[in-house]
$ cat work.pdb   # PDB, C-alpha atoms, pLDDT in the B column
ATOM      1  CA  MET A   1      55.886 -11.747 117.997  1.00 47.00           C
ATOM      2  CA  ARG A   2      53.217 -13.208 115.726  1.00 46.00           C
ATOM      3  CA  PHE A   3      55.586 -15.647 113.961  1.00 40.00           C
ATOM      4  CA  VAL A   4      56.697 -17.172 117.280  1.00 43.00           C
ATOM      5  CA  ARG A   5      53.086 -17.511 118.424  1.00 47.00           C
ATOM      6  CA  GLU A   6      52.192 -19.269 115.196  1.00 42.00           C
ATOM      7  CA  LEU A   7      54.999 -21.788 115.764  1.00 43.00           C
ATOM      8  CA  ALA A   8      53.269 -22.889 118.952  1.00 47.00           C
ATOM      9  CA  GLU A   9      49.833 -23.327 117.349  1.00 48.00           C
ATOM     10  CA  PRO A  10      48.578 -26.932 117.890  1.00 47.00           C
ATOM     11  CA  TRP A  11      47.472 -27.362 114.267  1.00 44.00           C
ATOM     12  CA  GLY A  12      50.896 -26.321 113.028  1.00 45.00           C
ATOM     13  CA  LEU A  13      52.628 -28.786 115.330  1.00 45.00           C
ATOM     14  CA  LEU A  14      50.250 -31.555 114.207  1.00 44.00           C
ATOM     15  CA  LEU A  15      50.902 -30.773 110.545  1.00 44.00           C
ATOM     16  CA  ALA A  16      54.662 -30.802 111.135  1.00 45.00           C
ATOM     17  CA  ALA A  17      54.499 -34.118 112.976  1.00 48.00           C
ATOM     18  CA  THR A  18      52.383 -35.642 110.195  1.00 50.00           C
ATOM     19  CA  SER A  19      54.819 -34.448 107.532  1.00 49.00           C
ATOM     20  CA  ALA A  20      57.783 -35.826 109.461  1.00 45.00           C
ATOM     21  CA  GLY A  21      55.984 -39.156 109.887  1.00 51.00           C
ATOM     22  CA  ALA A  22      55.233 -39.349 106.199  1.00 47.00           C
ATOM     23  CA  ALA A  23      58.840 -38.638 105.346  1.00 45.00           C
ATOM     24  CA  TRP A  24      60.027 -41.332 107.737  1.00 44.00           C
ATOM     25  CA  ALA A  25      57.456 -43.764 106.271  1.00 46.00           C
ATOM     26  CA  VAL A  26      59.048 -43.458 102.844  1.00 44.00           C
ATOM     27  CA  GLN A  27      62.327 -44.472 104.477  1.00 50.00           C
ATOM     28  CA  LEU A  28      64.040 -41.094 104.642  1.00 46.00           C
ATOM     29  CA  PRO A  29      66.662 -40.917 107.393  1.00 50.00           C
ATOM     30  CA  VAL A  30      65.346 -39.777 110.789  1.00 43.00           C
ATOM     31  CA  VAL A  31      67.290 -36.499 110.638  1.00 44.00           C
ATOM     32  CA  ALA A  32      65.899 -35.760 107.178  1.00 45.00           C
ATOM     33  CA  ALA A  33      62.377 -36.609 108.327  1.00 42.00           C
ATOM     34  CA  LEU A  34      62.707 -34.235 111.242  1.00 48.00           C
ATOM     35  CA  GLY A  35      64.009 -31.582 108.865  1.00 51.00           C
ATOM     36  CA  VAL A  36      60.903 -31.977 106.724  1.00 41.00           C
ATOM     37  CA  GLY A  37      58.737 -31.477 109.805  1.00 45.00           C
ATOM     38  CA  VAL A  38      60.626 -28.383 110.887  1.00 47.00           C
ATOM     39  CA  THR A  39      60.472 -26.917 107.381  1.00 56.00           C
ATOM     40  CA  VAL A  40      56.712 -27.493 107.152  1.00 44.00           C
ATOM     41  CA  LEU A  41      56.185 -25.945 110.598  1.00 44.00           C
ATOM     42  CA  ALA A  42      58.226 -22.861 109.748  1.00 50.00           C
ATOM     43  CA  ALA A  43      56.517 -22.413 106.381  1.00 52.00           C
ATOM     44  CA  ARG A  44      53.070 -22.769 107.887  1.00 45.00           C
ATOM     45  CA  ALA A  45      53.877 -20.277 110.676  1.00 46.00           C
ATOM     46  CA  GLY A  46      55.273 -17.763 108.192  1.00 51.00           C
ATOM     47  CA  VAL A  47      52.206 -17.874 105.977  1.00 46.00           C
ATOM     48  CA  ALA A  48      49.822 -17.683 108.926  1.00 48.00           C
ATOM     49  CA  ALA A  49      51.660 -14.752 110.480  1.00 47.00           C
ATOM     50  CA  ALA A  50      51.590 -12.862 107.195  1.00 49.00           C
ATOM     51  CA  THR A  51      47.939 -13.502 106.410  1.00 51.00           C
ATOM     52  CA  ARG A  52      46.231 -13.583 109.795  1.00 51.00           C
ATOM     53  CA  PRO A  53      44.315 -10.340 110.330  1.00 53.00           C
ATOM     54  CA  LYS A  54      45.597  -8.084 113.075  1.00 51.00           C
ATOM     55  CA  PRO A  55      43.526  -8.138 116.230  1.00 49.00           C
ATOM     56  CA  ALA A  56      41.156  -5.238 116.594  1.00 48.00           C
ATOM     57  CA  PRO A  57      42.458  -2.595 118.993  1.00 46.00           C
ATOM     58  CA  GLU A  58      40.907  -2.636 122.419  1.00 44.00           C
ATOM     59  CA  LEU A  59      38.109  -0.208 122.928  1.00 40.00           C
ATOM     60  CA  GLU A  60      39.376   2.996 124.414  1.00 42.00           C
ATOM     61  CA  GLU A  61      37.838   4.487 127.498  1.00 43.00           C
ATOM     62  CA  ARG A  62      34.822   6.677 126.892  1.00 45.00           C
ATOM     63  CA  ALA A  63      35.987   9.807 125.106  1.00 50.00           C
ATOM     64  CA  LEU A  64      36.213  12.863 127.263  1.00 52.00           C
ATOM     65  CA  PRO A  65      33.624  15.563 126.586  1.00 61.00           C
ATOM     66  CA  ASP A  66      34.858  18.273 124.267  1.00 86.00           C
ATOM     67  CA  VAL A  67      35.895  21.562 125.821  1.00 89.00           C
ATOM     68  CA  GLU A  68      34.528  24.601 123.995  1.00 88.00           C
ATOM     69  CA  PRO A  69      37.468  26.571 122.528  1.00 91.00           C
ATOM     70  CA  GLY A  70      37.683  30.101 123.885  1.00 91.00           C
ATOM     71  CA  SER A  71      35.366  29.319 126.805  1.00 93.00           C
ATOM     72  CA  PRO A  72      36.278  30.168 130.416  1.00 94.00           C
ATOM     73  CA  GLU A  73      36.719  26.470 131.171  1.00 95.00           C
ATOM     74  CA  ALA A  74      39.135  26.107 128.237  1.00 95.00           C
ATOM     75  CA  ASP A  75      41.198  29.040 129.496  1.00 95.00           C
ATOM     76  CA  TRP A  76      41.464  27.651 133.027  1.00 96.00           C
ATOM     77  CA  LEU A  77      42.288  24.180 131.734  1.00 96.00           C
ATOM     78  CA  ARG A  78      45.054  25.581 129.534  1.00 95.00           C
ATOM     79  CA  ARG A  79      46.470  27.392 132.546  1.00 95.00           C
ATOM     80  CA  ALA A  80      46.402  24.195 134.637  1.00 96.00           C
ATOM     81  CA  GLU A  81      48.157  22.255 131.869  1.00 95.00           C
ATOM     82  CA  ALA A  82      50.823  24.954 131.627  1.00 95.00           C
ATOM     83  CA  ALA A  83      51.369  24.719 135.391  1.00 95.00           C
ATOM     84  CA  ALA A  84      51.774  20.946 135.109  1.00 95.00           C
ATOM     85  CA  ASP A  85      54.376  21.448 132.373  1.00 94.00           C
ATOM     86  CA  GLY A  86      56.204  23.910 134.611  1.00 94.00           C
ATOM     87  CA  PHE A  87      56.177  21.464 137.507  1.00 93.00           C
ATOM     88  CA  ARG A  88      57.563  18.723 135.284  1.00 92.00           C
ATOM     89  CA  SER A  89      60.309  21.081 134.102  1.00 92.00           C
ATOM     90  CA  ILE A  90      61.306  21.897 137.673  1.00 90.00           C
ATOM     91  CA  SER A  91      61.335  18.213 138.549  1.00 88.00           C
ATOM     92  CA  GLY A  92      63.727  17.480 135.700  1.00 87.00           C
ATOM     93  CA  SER A  93      66.097  20.279 136.666  1.00 86.00           C
ATOM     94  CA  LEU A  94      66.597  19.405 140.349  1.00 81.00           C
ATOM     95  CA  ASP A  95      69.772  17.837 141.637  1.00 80.00           C
ATOM     96  CA  ALA A  96      69.454  14.573 143.543  1.00 83.00           C
ATOM     97  CA  GLY A  97      68.203  15.080 147.066  1.00 81.00           C
ATOM     98  CA  PRO A  98      65.097  15.149 149.286  1.00 82.00           C
ATOM     99  CA  LEU A  99      63.416  17.909 147.287  1.00 83.00           C
ATOM    100  CA  ALA A 100      64.010  16.151 143.961  1.00 85.00           C
ATOM    101  CA  ASP A 101      62.628  12.912 145.398  1.00 86.00           C
ATOM    102  CA  ARG A 102      59.545  14.644 146.773  1.00 87.00           C
ATOM    103  CA  VAL A 103      58.828  16.547 143.575  1.00 87.00           C
ATOM    104  CA  ALA A 104      59.251  13.386 141.487  1.00 90.00           C
ATOM    105  CA  ASP A 105      56.753  11.585 143.730  1.00 89.00           C
ATOM    106  CA  MET A 106      54.281  14.439 143.221  1.00 91.00           C
ATOM    107  CA  GLU A 107      54.399  14.430 139.430  1.00 92.00           C
ATOM    108  CA  PRO A 108      51.830  11.593 138.992  1.00 93.00           C
ATOM    109  CA  VAL A 109      49.441  13.370 141.377  1.00 93.00           C
ATOM    110  CA  VAL A 110      49.826  16.603 139.416  1.00 94.00           C
ATOM    111  CA  ARG A 111      48.983  14.738 136.196  1.00 94.00           C
ATOM    112  CA  GLU A 112      46.008  13.054 137.853  1.00 94.00           C
ATOM    113  CA  THR A 113      44.756  16.426 139.085  1.00 94.00           C
ATOM    114  CA  VAL A 114      45.007  17.937 135.601  1.00 95.00           C
ATOM    115  CA  ASP A 115      43.172  14.925 134.153  1.00 95.00           C
ATOM    116  CA  THR A 116      40.343  15.528 136.623  1.00 94.00           C
ATOM    117  CA  LEU A 117      40.294  19.221 135.741  1.00 96.00           C
ATOM    118  CA  ARG A 118      40.055  18.220 132.091  1.00 95.00           C
ATOM    119  CA  ARG A 119      36.939  16.169 132.863  1.00 93.00           C
ATOM    120  CA  LEU A 120      35.492  19.075 134.831  1.00 94.00           C
ATOM    121  CA  ALA A 121      36.133  21.407 131.905  1.00 95.00           C
ATOM    122  CA  GLY A 122      34.339  19.013 129.570  1.00 93.00           C
ATOM    123  CA  ARG A 123      31.421  18.794 131.960  1.00 92.00           C
ATOM    124  CA  ALA A 124      31.312  22.583 132.224  1.00 94.00           C
ATOM    125  CA  THR A 125      31.032  22.834 128.442  1.00 94.00           C
ATOM    126  CA  ALA A 126      28.318  20.161 128.348  1.00 91.00           C
ATOM    127  CA  THR A 127      26.445  21.957 131.118  1.00 92.00           C
ATOM    128  CA  GLY A 128      26.655  25.238 129.243  1.00 92.00           C
ATOM    129  CA  LYS A 129      25.224  23.633 126.114  1.00 91.00           C
ATOM    130  CA  ALA A 130      22.376  22.125 128.128  1.00 90.00           C
ATOM    131  CA  LEU A 131      21.598  25.514 129.658  1.00 90.00           C
ATOM    132  CA  LYS A 132      21.155  27.006 126.200  1.00 89.00           C
ATOM    133  CA  ARG A 133      18.378  24.498 125.515  1.00 89.00           C
ATOM    134  CA  VAL A 134      16.247  25.926 128.314  1.00 86.00           C
ATOM    135  CA  ASP A 135      14.803  29.361 127.551  1.00 88.00           C
ATOM    136  CA  VAL A 136      14.501  30.491 131.140  1.00 87.00           C
ATOM    137  CA  GLY A 137      12.843  33.757 130.131  1.00 90.00           C
ATOM    138  CA  ALA A 138      10.070  31.962 128.260  1.00 92.00           C
ATOM    139  CA  VAL A 139       9.726  29.452 131.093  1.00 90.00           C
ATOM    140  CA  SER A 140       9.311  32.219 133.677  1.00 91.00           C
ATOM    141  CA  ALA A 141       6.747  33.998 131.529  1.00 93.00           C
ATOM    142  CA  GLU A 142       4.776  30.787 131.038  1.00 93.00           C
ATOM    143  CA  LYS A 143       4.886  30.077 134.754  1.00 92.00           C
ATOM    144  CA  ALA A 144       3.493  33.514 135.561  1.00 92.00           C
ATOM    145  CA  ARG A 145       0.717  33.112 132.996  1.00 93.00           C
ATOM    146  CA  LEU A 146      -0.326  29.696 134.338  1.00 92.00           C
ATOM    147  CA  ARG A 147      -0.416  30.952 137.907  1.00 92.00           C
ATOM    148  CA  LYS A 148      -2.616  33.825 136.834  1.00 91.00           C
ATOM    149  CA  GLU A 149      -5.003  31.491 134.983  1.00 91.00           C
ATOM    150  CA  LEU A 150      -5.223  29.146 137.956  1.00 89.00           C
ATOM    151  CA  LYS A 151      -6.643  31.895 140.134  1.00 88.00           C
ATOM    152  CA  THR A 152      -9.800  32.095 138.016  1.00 89.00           C
ATOM    153  CA  ALA A 153      -9.853  28.636 136.426  1.00 87.00           C
ATOM    154  CA  ASP A 154     -12.917  26.421 136.505  1.00 88.00           C
ATOM    155  CA  ASP A 155     -12.628  23.065 138.232  1.00 85.00           C
ATOM    156  CA  ASP A 156     -12.761  21.137 134.937  1.00 88.00           C
ATOM    157  CA  ILE A 157      -9.480  22.649 133.694  1.00 90.00           C
ATOM    158  CA  ARG A 158      -7.750  23.285 137.007  1.00 88.00           C
ATOM    159  CA  GLY A 159      -6.095  19.860 136.924  1.00 89.00           C
ATOM    160  CA  ASP A 160      -4.678  20.417 133.449  1.00 91.00           C
ATOM    161  CA  LEU A 161      -3.348  23.830 134.394  1.00 90.00           C
ATOM    162  CA  THR A 162      -1.748  22.385 137.517  1.00 91.00           C
ATOM    163  CA  GLN A 163       0.016  19.704 135.495  1.00 92.00           C
ATOM    164  CA  SER A 164       1.242  22.325 133.042  1.00 92.00           C
ATOM    165  CA  LEU A 165       2.547  24.443 135.895  1.00 92.00           C
ATOM    166  CA  GLU A 166       4.387  21.449 137.349  1.00 92.00           C
ATOM    167  CA  ALA A 167       6.003  20.763 133.968  1.00 93.00           C
ATOM    168  CA  VAL A 168       7.121  24.375 133.656  1.00 92.00           C
ATOM    169  CA  GLN A 169       8.409  24.328 137.219  1.00 92.00           C
ATOM    170  CA  ALA A 170      10.445  21.205 136.399  1.00 92.00           C
ATOM    171  CA  GLN A 171      12.132  23.064 133.555  1.00 92.00           C
ATOM    172  CA  GLU A 172      12.911  25.955 135.863  1.00 92.00           C
ATOM    173  CA  ASP A 173      14.361  23.549 138.440  1.00 91.00           C
ATOM    174  CA  VAL A 174      16.559  21.925 135.782  1.00 90.00           C
ATOM    175  CA  HIS A 175      17.870  25.320 134.741  1.00 92.00           C
ATOM    176  CA  ALA A 176      18.647  26.204 138.354  1.00 91.00           C
ATOM    177  CA  ARG A 177      20.547  22.945 138.915  1.00 90.00           C
ATOM    178  CA  LEU A 178      22.516  23.387 135.704  1.00 91.00           C
ATOM    179  CA  SER A 179      23.366  26.986 136.570  1.00 93.00           C
ATOM    180  CA  ASN A 180      24.551  26.035 140.048  1.00 92.00           C
ATOM    181  CA  ALA A 181      26.627  23.167 138.664  1.00 90.00           C
ATOM    182  CA  GLN A 182      28.234  25.382 136.024  1.00 93.00           C
ATOM    183  CA  ARG A 183      29.162  28.010 138.621  1.00 93.00           C
ATOM    184  CA  LYS A 184      30.673  25.337 140.865  1.00 93.00           C
ATOM    185  CA  LEU A 185      32.617  23.777 137.986  1.00 94.00           C
ATOM    186  CA  LEU A 186      34.070  27.082 136.831  1.00 95.00           C
ATOM    187  CA  ALA A 187      34.943  28.076 140.389  1.00 94.00           C
ATOM    188  CA  GLN A 188      36.798  24.795 140.915  1.00 95.00           C
ATOM    189  CA  LEU A 189      38.573  25.042 137.574  1.00 96.00           C
ATOM    190  CA  ARG A 190      39.810  28.484 138.556  1.00 96.00           C
ATOM    191  CA  SER A 191      40.778  27.323 142.036  1.00 95.00           C
ATOM    192  CA  GLY A 192      42.585  24.253 140.704  1.00 95.00           C
ATOM    193  CA  ALA A 193      44.494  26.147 138.027  1.00 96.00           C
ATOM    194  CA  LEU A 194      45.558  28.901 140.398  1.00 96.00           C
ATOM    195  CA  GLY A 195      46.446  26.339 143.038  1.00 95.00           C
ATOM    196  CA  LEU A 196      48.740  24.531 140.607  1.00 95.00           C
ATOM    197  CA  ASP A 197      50.277  27.879 139.647  1.00 95.00           C
ATOM    198  CA  GLY A 198      51.010  28.490 143.304  1.00 94.00           C
ATOM    199  CA  LEU A 199      52.451  25.003 143.697  1.00 93.00           C
ATOM    200  CA  VAL A 200      54.860  25.598 140.821  1.00 93.00           C
ATOM    201  CA  ALA A 201      55.927  28.942 142.266  1.00 93.00           C
ATOM    202  CA  ARG A 202      56.590  27.338 145.637  1.00 90.00           C
ATOM    203  CA  ALA A 203      58.530  24.457 144.084  1.00 89.00           C
ATOM    204  CA  ALA A 204      60.633  26.956 142.122  1.00 89.00           C
ATOM    205  CA  GLU A 205      61.299  28.905 145.295  1.00 85.00           C
ATOM    206  CA  LEU A 206      62.440  25.788 147.135  1.00 84.00           C
ATOM    207  CA  SER A 207      64.591  24.711 144.190  1.00 82.00           C
ATOM    208  CA  ALA A 208      66.503  27.971 144.518  1.00 80.00           C
ATOM    209  CA  ALA A 209      67.223  27.192 148.171  1.00 73.00           C
ATOM    210  CA  THR A 210      68.299  23.559 147.890  1.00 58.00           C
ATOM    211  CA  GLY A 211      71.649  24.427 149.441  1.00 55.00           C
ATOM    212  CA  ASP A 212      70.070  26.236 152.365  1.00 49.00           C
ATOM    213  CA  SER A 213      70.306  24.418 155.679  1.00 49.00           C
ATOM    214  CA  LEU A 214      66.851  25.736 156.589  1.00 53.00           C
ATOM    215  CA  LEU A 215      65.296  23.640 153.811  1.00 59.00           C
ATOM    216  CA  ASP A 216      64.220  20.772 156.058  1.00 63.00           C
ATOM    217  CA  THR A 217      61.871  17.863 155.480  1.00 70.00           C
ATOM    218  CA  THR A 218      58.954  19.755 157.015  1.00 72.00           C
ATOM    219  CA  THR A 219      59.307  22.569 154.489  1.00 74.00           C
ATOM    220  CA  ILE A 220      59.530  20.076 151.649  1.00 76.00           C
ATOM    221  CA  GLY A 221      56.527  18.179 153.018  1.00 82.00           C
ATOM    222  CA  GLU A 222      54.417  21.324 152.759  1.00 85.00           C
ATOM    223  CA  LEU A 223      54.537  20.937 148.978  1.00 86.00           C
ATOM    224  CA  GLY A 224      52.761  17.592 149.221  1.00 88.00           C
ATOM    225  CA  GLU A 225      50.153  19.005 151.584  1.00 90.00           C
ATOM    226  CA  GLN A 226      49.480  21.875 149.199  1.00 91.00           C
ATOM    227  CA  LEU A 227      49.032  19.497 146.274  1.00 91.00           C
ATOM    228  CA  GLU A 228      46.802  17.170 148.269  1.00 92.00           C
ATOM    229  CA  GLY A 229      44.509  20.075 149.113  1.00 93.00           C
ATOM    230  CA  ILE A 230      44.212  20.943 145.416  1.00 92.00           C
ATOM    231  CA  ARG A 231      43.605  17.334 144.404  1.00 92.00           C
ATOM    232  CA  ARG A 232      40.984  16.758 147.081  1.00 93.00           C
ATOM    233  CA  GLY A 233      39.026  19.878 146.128  1.00 92.00           C
ATOM    234  CA  VAL A 234      38.993  18.893 142.465  1.00 92.00           C
ATOM    235  CA  VAL A 235      37.894  15.320 143.186  1.00 92.00           C
ATOM    236  CA  GLU A 236      35.149  16.438 145.576  1.00 92.00           C
ATOM    237  CA  THR A 237      33.773  18.819 142.964  1.00 91.00           C
ATOM    238  CA  GLU A 238      33.721  16.067 140.361  1.00 88.00           C
ATOM    239  CA  GLU A 239      31.851  13.752 142.711  1.00 88.00           C
ATOM    240  CA  ALA A 240      29.391  16.459 143.750  1.00 87.00           C
ATOM    241  CA  THR A 241      28.527  17.467 140.189  1.00 84.00           C
ATOM    242  CA  ARG A 242      28.190  13.825 139.185  1.00 81.00           C
ATOM    243  CA  ARG A 243      25.661  13.314 141.977  1.00 80.00           C
ATOM    244  CA  SER A 244      23.700  16.467 141.175  1.00 74.00           C
ATOM    245  CA  LEU A 245      23.639  16.042 137.398  1.00 71.00           C
ATOM    246  CA  GLY A 246      23.898  12.268 137.060  1.00 62.00           C
TER
END

$ encode --input "work.pdb" --output "structure tokens"
Amino acid sequence: MRFVRELAEPWGLLLAATSAGAAWAVQLPVVAALGVGVTVLAARAGVAAATRPKPAPELEERALPDVEPGSPEADWLRRAEAAADGFRSISGSLDAGPLADRVADMEPVVRETVDTLRRLAGRATATGKALKRVDVGAVSAEKARLRKELKTADDDIRGDLTQSLEAVQAQEDVHARLSNAQRKLLAQLRSGALGLDGLVARAAELSAATGDSLLDTTTIGELGEQLEGIRRGVVETEEATRRSLG
């Protein structure tokens, strides 16, 4: 609380002590002098708390890349988020027991997995926008033209043509890397979303059999293994695309 913090400020305590000393110096009773000090301290803290500007909010983490509405990545992300909601709903409906405990422990991992998928979806959108900046048709045509010119070029321009060809080749390489990354991102988004769908279906199936004696710890543990496989695949894709694209 800001008022309480202001009471502990050194300058406020010094001012209160000075006021109490002045009151005692003019021969006020000790109790009255202390009362003056307390009153001054409280008044000073109240004014400071009311007028001191609020601290600026801490900087948030870097904003996630936007996901293009209506894009394939947006559709798969929406499906993954719906699966996470379904998992949370199942978790809240389970009676106390081993399955409920296991599902509750899995909820944070499900949320973490969806958060990673959200980053992958943003990266897929960013990759798609970058791809549109490279006219691969024009690049291929220019590459073919330069190769043709090099066959008959004089020595005095061969170096320039070679440099131009290298520049065009670099653009083609960038386009290839972006295309590969986009395919990998979309494939993982689909795999992750469908995997979470399957996890929810399996959890729902087990929830319907909570009274079955065959529902042992091994069967329940399979849920965690299934989720870990989904999480690991998503994380590995994020790391791989970060390495390839920077």

$ resolve_selection --input "work.pdb" --expression "the PyMOL selection byres ((chain A and resi 115-131) around 8)" --output "mmCIF file with C-alpha atoms, keeping the file's coordinate frame"
data_model
loop_
_atom_site.group_PDB
_atom_site.id
_atom_site.type_symbol
_atom_site.label_atom_id
_atom_site.label_comp_id
_atom_site.auth_asym_id
_atom_site.auth_seq_id
_atom_site.Cartn_x
_atom_site.Cartn_y
_atom_site.Cartn_z
ATOM 1 C CA LEU A 64 36.213 12.863 127.263
ATOM 2 C CA PRO A 65 33.624 15.563 126.586
ATOM 3 C CA ASP A 66 34.858 18.273 124.267
ATOM 4 C CA VAL A 67 35.895 21.562 125.821
ATOM 5 C CA GLU A 68 34.528 24.601 123.995
ATOM 6 C CA SER A 71 35.366 29.319 126.805
ATOM 7 C CA GLU A 73 36.719 26.470 131.171
ATOM 8 C CA ALA A 74 39.135 26.107 128.237
ATOM 9 C CA LEU A 77 42.288 24.180 131.734
ATOM 10 C CA ALA A 80 46.402 24.195 134.637
ATOM 11 C CA ARG A 111 48.983 14.738 136.196
ATOM 12 C CA GLU A 112 46.008 13.054 137.853
ATOM 13 C CA THR A 113 44.756 16.426 139.085
ATOM 14 C CA VAL A 114 45.007 17.937 135.601
ATOM 15 C CA LYS A 132 21.155 27.006 126.200
ATOM 16 C CA ARG A 133 18.378 24.498 125.515
ATOM 17 C CA VAL A 134 16.247 25.926 128.314
ATOM 18 C CA HIS A 175 17.870 25.320 134.741
ATOM 19 C CA LEU A 178 22.516 23.387 135.704
ATOM 20 C CA SER A 179 23.366 26.986 136.570
ATOM 21 C CA ALA A 181 26.627 23.167 138.664
ATOM 22 C CA GLN A 182 28.234 25.382 136.024
ATOM 23 C CA LEU A 185 32.617 23.777 137.986
ATOM 24 C CA LEU A 186 34.070 27.082 136.831
ATOM 25 C CA LEU A 189 38.573 25.042 137.574
ATOM 26 C CA GLY A 192 42.585 24.253 140.704
ATOM 27 C CA VAL A 234 38.993 18.893 142.465
ATOM 28 C CA VAL A 235 37.894 15.320 143.186
ATOM 29 C CA GLU A 238 33.721 16.067 140.361
#

$ closest_residue --input "work.pdb" --among "A:Leu199, A:Ala176, A:Leu206, A:Val103" --to "Val139 (chain A)" --atoms "all atoms listed in the file"
A:Ala176

$ closest_residue --input "work.pdb" --among "A:Asp173, A:Asp75, A:Glu149, A:Glu205" --to "Thr219 (chain A)" --atoms "only C-alpha atoms"
A:Glu205

$ closest_residue --input "work.pdb" --among "A:Ala141, A:Ile230, A:Lys148, A:Thr218" --to "Pro98 (chain A)" --atoms "only C-alpha atoms"
A:Thr218

$ closest_residue --input "work.pdb" --among "A:Ala203, A:Ala84, A:Leu161, A:Leu196" --to "Gly221 (chain A)" --atoms "all atoms listed in the file"
A:Ala203

$ residues_around --input "work.pdb" --residues "Gly92 (chain A)" --least-positions-apart "4" --cutoff "12 Å" --atoms "only C-alpha atoms" --output "list in words"
Asp85, Gly86, Phe87, Arg88, Ala96, Leu99, Ala100, Asp101, Val103, Ala104, Glu107, Ala204 and Ser207 of chain A

$ write_last_selection --input "work.pdb" --atoms "C-alpha atoms" --output "PDB file, in the coordinates of the input"
ATOM      1  CA  ASP A  85      54.376  21.448 132.373  1.00 94.00           C
ATOM      2  CA  GLY A  86      56.204  23.910 134.611  1.00 94.00           C
ATOM      3  CA  PHE A  87      56.177  21.464 137.507  1.00 93.00           C
ATOM      4  CA  ARG A  88      57.563  18.723 135.284  1.00 92.00           C
ATOM      5  CA  ALA A  96      69.454  14.573 143.543  1.00 83.00           C
ATOM      6  CA  LEU A  99      63.416  17.909 147.287  1.00 83.00           C
ATOM      7  CA  ALA A 100      64.010  16.151 143.961  1.00 85.00           C
ATOM      8  CA  ASP A 101      62.628  12.912 145.398  1.00 86.00           C
ATOM      9  CA  VAL A 103      58.828  16.547 143.575  1.00 87.00           C
ATOM     10  CA  ALA A 104      59.251  13.386 141.487  1.00 90.00           C
ATOM     11  CA  GLU A 107      54.399  14.430 139.430  1.00 92.00           C
ATOM     12  CA  ALA A 204      60.633  26.956 142.122  1.00 89.00           C
ATOM     13  CA  SER A 207      64.591  24.711 144.190  1.00 82.00           C
TER      14      SER A 207
END

$ resolve_selection --input "work.pdb" --expression "the PyMOL selection byres ((chain A and resi 226) around 10)" --output "PDB file with C-alpha atoms, in the frame of the given file"
ATOM      1  CA  GLY A 195      46.446  26.339 143.038  1.00 95.00           C
ATOM      2  CA  LEU A 196      48.740  24.531 140.607  1.00 95.00           C
ATOM      3  CA  GLY A 198      51.010  28.490 143.304  1.00 94.00           C
ATOM      4  CA  LEU A 199      52.451  25.003 143.697  1.00 93.00           C
ATOM      5  CA  ARG A 202      56.590  27.338 145.637  1.00 90.00           C
ATOM      6  CA  GLY A 221      56.527  18.179 153.018  1.00 82.00           C
ATOM      7  CA  GLU A 222      54.417  21.324 152.759  1.00 85.00           C
ATOM      8  CA  LEU A 223      54.537  20.937 148.978  1.00 86.00           C
ATOM      9  CA  GLY A 224      52.761  17.592 149.221  1.00 88.00           C
ATOM     10  CA  GLU A 225      50.153  19.005 151.584  1.00 90.00           C
ATOM     11  CA  LEU A 227      49.032  19.497 146.274  1.00 91.00           C
ATOM     12  CA  GLU A 228      46.802  17.170 148.269  1.00 92.00           C
ATOM     13  CA  GLY A 229      44.509  20.075 149.113  1.00 93.00           C
ATOM     14  CA  ILE A 230      44.212  20.943 145.416  1.00 92.00           C
ATOM     15  CA  ARG A 231      43.605  17.334 144.404  1.00 92.00           C
TER      16      ARG A 231
END

$ atom_distance --input "work.pdb" --atom1 "CA of Leu94 (chain A)" --atom2 "CA of Trp76 (chain A)"
27.4 Å
